[in-house]
Amino acid sequence: MLTYEPDETVSHRLDPRSKLLIQIGFAATALAHTTPRALAVLSVVTAGILLAARISIRRTLVAYRFALVILALAPLISGLTLGAPWFDPTDAAASGLASYRVLLILFVSAAYVRSTPVRDSRAAIQRTIPGKPGQLLGIGVALVFRFLPVLQGDLRTIREAMAARLGTERSIIDRASTVAVLGLTRAFDRADRLSLALQARCFAWNPTLPVLTFSRLDYPALGLAVVLAVSAFY
């Protein structure tokens, strides 16, 4: 699971608002351009972003392994036909390019997660979107970043416990249903404990958030975000 790790990389020193704008601009461009040449250029940009965050490609692939399975199967399924020739390479290639651009977007998001504290993400959202909508989005993002790793840890514990009790000898449907039921039970228990913890700590909609300031490093990042956003329309 990818989480924030303190470091002194270029990406860590950027304001979270700059990184969010880069993500938005990158996603817009990646979704607008699907040609191999455009994806090659975006691959270079992605490599630069990963280098700036000093994030391991191998670790990112492991973290997104379940999404990678879906992205890999999509071209195969798209290429299948009900009659001769049974497989259409043109449809498979188009779906493969679409899967690849989604992979690039995931890489860019991984760089953001690795280099941005949860509180900074919440502060960036609440100060960009005023009022209750911004507060609600900020809280949602903070809870997702903190809650999702805990749920994944619970699922991993359940699978390990089943394996220790020879659960791997059972049918795949039985194993999947057991993991699903126990996972949901754990999730609801975690939600109840989270609600109680928030009440005990006098949860506030608008707490004191960290101060965000743009530095000299942010101006090139903002320029990159603008270029990416504009290129989506050309």
# chains A, B, ... in the order shown; residues from 1 in each chain; ligands from 1
call {"tool": "select_by_dssp", "arguments": {"residues": "segment 79-154 of chain A", "states": "helix (DSSP H, G or I)", "output": "ChimeraX atom specification"}}
result
/A:79,89-115,118-128,131-154
call {"tool": "residues_around", "arguments": {"residues": "segment 182-191 of chain A", "least_positions_apart": "6", "cutoff": "9 Å", "atoms": "only C-alpha atoms", "output": "ChimeraX atom specification"}}
result
/A:147,150-151,154-155,158
call {"tool": "atom_distance", "arguments": {"atom1": "atom CA of Ala63 of chain A", "atom2": "atom CA of Tyr112 of chain A"}}
result
14.1 Å
